[in-house]
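File shown: work24.pdb (PDB, C-alpha atoms).
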```
ATOM      1  CA  MET B 285     112.754 108.539  82.103
ATOM      2  CA  GLY B 286     109.182 107.931  81.163
ATOM      3  CA  THR B 287     106.583 109.896  83.123
ATOM      4  CA  PHE B 288     103.083 108.454  83.176
ATOM      5  CA  VAL B 289     101.345 111.185  85.219
ATOM      6  CA  SER B 290     102.563 114.582  86.429
ATOM      7  CA  GLN B 291     101.233 118.006  87.373
ATOM      8  CA  ASP B 292     102.674 121.133  85.811
ATOM      9  CA  GLY B 293     104.097 124.117  87.597
ATOM     10  CA  VAL B 294     105.542 127.099  85.741
ATOM     11  CA  ARG B 295     109.045 125.575  85.354
ATOM     12  CA  ASN B 296     108.684 121.965  86.557
ATOM     13  CA  SER B 297     106.205 119.259  87.259
ATOM     14  CA  ASN B 298     105.422 119.047  90.947
ATOM     15  CA  PHE B 299     105.252 115.244  90.936
ATOM     16  CA  TYR B 300     106.070 112.458  88.513
ATOM     17  CA  LEU B 301     104.758 108.896  88.557
ATOM     18  CA  GLN B 302     107.356 107.350  86.324
ATOM     19  CA  TYR B 303     109.837 104.749  85.176
ATOM     20  CA  ARG B 304     113.369 105.910  86.050
ATOM     21  CA  THR B 305     115.960 104.823  83.506
ATOM     22  CA  ASP B 306     118.840 105.454  85.942
ATOM     23  CA  SER B 307     117.587 102.864  88.469
ATOM     24  CA  LYS B 308     115.414 100.852  86.045
ATOM     25  CA  LYS B 309     112.605 101.027  88.629
ATOM     26  CA  TRP B 310     109.130 102.482  89.009
ATOM     27  CA  ALA B 311     109.258 105.709  91.017
ATOM     28  CA  PHE B 312     107.118 108.427  92.564
ATOM     29  CA  SER B 313     109.094 111.671  92.445
ATOM     30  CA  PHE B 314     108.572 115.216  93.772
ATOM     31  CA  ARG B 315     110.222 118.578  93.263
ATOM     32  CA  THR B 316     110.665 120.675  96.396
ATOM     33  CA  ASN B 317     109.964 123.956  94.545
ATOM     34  CA  ASP B 318     109.380 125.353  91.056
ATOM     35  CA  THR B 319     112.910 126.536  90.214
ATOM     36  CA  ASP B 320     115.279 125.035  87.660
ATOM     37  CA  THR B 321     117.698 123.981  90.411
ATOM     38  CA  SER B 322     115.033 122.340  92.587
ATOM     39  CA  PRO B 323     116.133 118.921  93.829
ATOM     40  CA  VAL B 324     114.016 115.869  93.067
ATOM     41  CA  GLN B 325     113.055 113.578  95.928
ATOM     42  CA  TYR B 326     111.790 110.150  94.962
ATOM     43  CA  VAL B 327     110.901 106.732  96.218
ATOM     44  CA  SER B 328     111.665 103.789  93.958
ATOM     45  CA  SER B 329     109.730 100.575  94.029
ATOM     46  CA  ASP B 330     111.388  97.360  95.073
ATOM     47  CA  VAL B 331     109.664  95.677  92.114
ATOM     48  CA  ASN B 332     111.467  95.168  88.807
ATOM     49  CA  PRO B 333     109.400  96.210  85.782
ATOM     50  CA  ILE B 334     108.663  93.512  83.208
ATOM     51  CA  VAL B 335     108.588  94.674  79.576
ATOM     52  CA  GLY B 336     105.194  94.141  77.953
ATOM     53  CA  ARG B 337     103.396  93.401  81.229
ATOM     54  CA  TRP B 338     100.414  95.499  82.363
ATOM     55  CA  THR B 339     101.241  97.202  85.679
ATOM     56  CA  ALA B 340      99.068  99.234  88.047
ATOM     57  CA  LEU B 341     101.083 102.128  89.502
ATOM     58  CA  VAL B 342      99.723 104.277  92.326
ATOM     59  CA  GLY B 343     101.432 107.237  93.949
ATOM     60  CA  VAL B 344     100.159 108.566  97.284
ATOM     61  CA  TYR B 345     101.153 111.855  98.875
ATOM     62  CA  ASP B 346     100.042 111.849 102.505
ATOM     63  CA  THR B 347     100.237 115.430 103.805
ATOM     64  CA  VAL B 348      99.385 114.411 107.377
ATOM     65  CA  ALA B 349     102.125 111.763 107.566
ATOM     66  CA  ARG B 350     104.403 113.911 105.310
ATOM     67  CA  GLN B 351     105.180 110.813 103.304
ATOM     68  CA  ILE B 352     105.023 109.611  99.707
ATOM     69  CA  ARG B 353     104.261 106.017  98.835
ATOM     70  CA  ILE B 354     104.368 104.000  95.647
ATOM     71  CA  TYR B 355     102.237 100.924  95.080
ATOM     72  CA  VAL B 356     102.822  98.416  92.287
ATOM     73  CA  ASP B 357      99.939  96.114  91.382
ATOM     74  CA  GLY B 358      98.194  96.980  94.649
ATOM     75  CA  THR B 359     101.149  96.236  96.913
ATOM     76  CA  LEU B 360     103.120  98.882  98.823
ATOM     77  CA  ALA B 361     106.510  98.980  97.103
ATOM     78  CA  GLY B 362     108.251 101.933  98.775
ATOM     79  CA  THR B 363     107.900 104.933 101.114
ATOM     80  CA  LEU B 364     109.803 108.176 101.654
ATOM     81  CA  ALA B 365     109.467 110.942 104.250
ATOM     82  CA  MET B 366     108.921 114.341 102.593
ATOM     83  CA  SER B 367     110.773 117.364 103.915
ATOM     84  CA  SER B 368     108.866 119.927 101.854
ATOM     85  CA  ASN B 369     106.588 120.253  98.889
ATOM     86  CA  TRP B 370     105.094 123.040  96.796
ATOM     87  CA  ASN B 371     101.633 122.988  95.315
ATOM     88  CA  ALA B 372     101.600 123.101  91.522
ATOM     89  CA  THR B 373      98.470 124.635  90.068
ATOM     90  CA  GLY B 374      98.965 123.790  86.403
ATOM     91  CA  SER B 375      97.488 121.049  84.270
ATOM     92  CA  LEU B 376      97.553 117.372  85.052
ATOM     93  CA  ALA B 377      99.662 115.753  82.333
ATOM     94  CA  ILE B 378      99.411 112.194  81.046
ATOM     95  CA  GLY B 379     102.443 110.628  79.366
ATOM     96  CA  ARG B 380     105.019 113.350  80.055
ATOM     97  CA  GLY B 381     106.707 115.570  82.617
ATOM     98  CA  LYS B 382     108.070 119.110  82.678
ATOM     99  CA  ASN B 383     111.611 120.106  83.664
ATOM    100  CA  GLY B 384     113.142 123.571  83.459
ATOM    101  CA  GLY B 385     110.182 124.819  81.436
ATOM    102  CA  VAL B 386     110.609 122.086  78.812
ATOM    103  CA  LEU B 387     108.107 119.285  78.231
ATOM    104  CA  GLY B 388     109.759 115.863  78.160
ATOM    105  CA  ASP B 389     110.130 112.470  79.843
ATOM    106  CA  TYR B 390     107.627 111.140  77.322
ATOM    107  CA  VAL B 391     106.330 107.608  77.805
ATOM    108  CA  HIS B 392     107.310 105.108  75.143
ATOM    109  CA  GLY B 393     104.324 102.810  75.472
ATOM    110  CA  ALA B 394     100.697 102.977  76.516
ATOM    111  CA  VAL B 395      98.982 104.638  79.466
ATOM    112  CA  ASP B 396      95.543 103.301  80.328
ATOM    113  CA  THR B 397      92.996 104.294  82.992
ATOM    114  CA  VAL B 398      94.346 107.212  84.987
ATOM    115  CA  GLU B 399      92.414 108.104  88.147
ATOM    116  CA  VAL B 400      93.154 111.017  90.477
ATOM    117  CA  TYR B 401      91.811 111.403  94.019
ATOM    118  CA  SER B 402      91.954 114.408  96.328
ATOM    119  CA  GLY B 403      92.405 112.354  99.506
ATOM    120  CA  VAL B 404      94.638 109.557 100.721
ATOM    121  CA  LEU B 405      93.477 106.094  99.699
ATOM    122  CA  SER B 406      94.059 103.132 101.996
ATOM    123  CA  GLY B 407      96.202 100.193 100.955
ATOM    124  CA  ARG B 408      93.050  98.068 100.750
ATOM    125  CA  GLN B 409      91.340 100.552  98.401
ATOM    126  CA  ILE B 410      94.422 100.618  96.189
ATOM    127  CA  ASN B 411      94.619  96.829  96.136
ATOM    128  CA  ASP B 412      90.933  96.543  95.239
ATOM    129  CA  PHE B 413      91.246  98.525  92.001
ATOM    130  CA  SER B 414      94.729  97.325  91.053
ATOM    131  CA  VAL B 415      93.725  93.850  89.909
ATOM    132  CA  SER B 416      95.912  92.951  86.956
ATOM    133  CA  PRO B 417      94.527  91.524  83.704
ATOM    134  CA  ASN B 418      97.747  89.435  83.696
ATOM    135  CA  ALA B 419      96.385  87.325  86.575
TER
END
```

What's the structure tokens form of this structure?
Amino acid sequence: MGTFVSQDGVRNSNFYLQYRTDSKKWAFSFRTNDTDTSPVQYVSSDVNPIVGRWTALVGVYDTVARQIRIYVDGTLAGTLAMSSNWNATGSLAIGRGKNGGVLGDYVHGAVDTVEVYSGVLSGRQINDFSVSPNA
């Protein structure tokens, strides 16, 4: 795994915007609680990562719709209904996650321009700031 952005709880990160090595896909993952045995729910993108290519990843947690969404380069790439979620109050972490009290899932590469919003952005807003320098 390589986690680009996460938020720490006491034992685990609450969410992970990441590359999953098991599926070889971009993913937006959540823990249902802050225990070592907490299951991870995640939505994987339907977009295959390309090594060396700049990619804009956006994770959205919509509390009203109880849904998580992942966008890749401004395009909706996957959704998942959320059954539950806990609110981590620790630090926002760039380039790593936290599992079972241990820091890990370090990114092997570069992370550039991380933005965090307190509300739900629309697909149009996400598309507007996800313009790739590869274009």

query = Leaving out Tyr303 (chain B) and any residue of its chain fewer than 4 positions from it, which residues lie within 7 Å of it when counting all atoms listed in the file, given as an MDAnalysis selection string?
reply = chainID B and resid 285:287 308:311

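Residue nearest Gly362 (chain B) within the list B:Ala340, B:Gly393, B:Gly381, B:Ser328: B:Ser328 [criterion: smallest interatomic distance, all atoms listed in the file].
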
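Among the candidate residues B:Ser313, B:Thr319, B:Thr373, B:Ser297, the one lying nearest to Ile354 (chain B) is B:Ser313, with distances computed using all atoms listed in the file.
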
key: Explicit residue set for the PyMOL selection byres ((chain B and resi 331) around 8), as a ChimeraX atom specification   = /B:309-310,329-330,332-333,356,361

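Comparing the minimum interatomic distances between Val398 (chain B) and each of B:Phe314, B:Ala372, B:Leu301, B:Tyr355, counting all atoms listed in the file, we find that B:Leu301 sits nearest.
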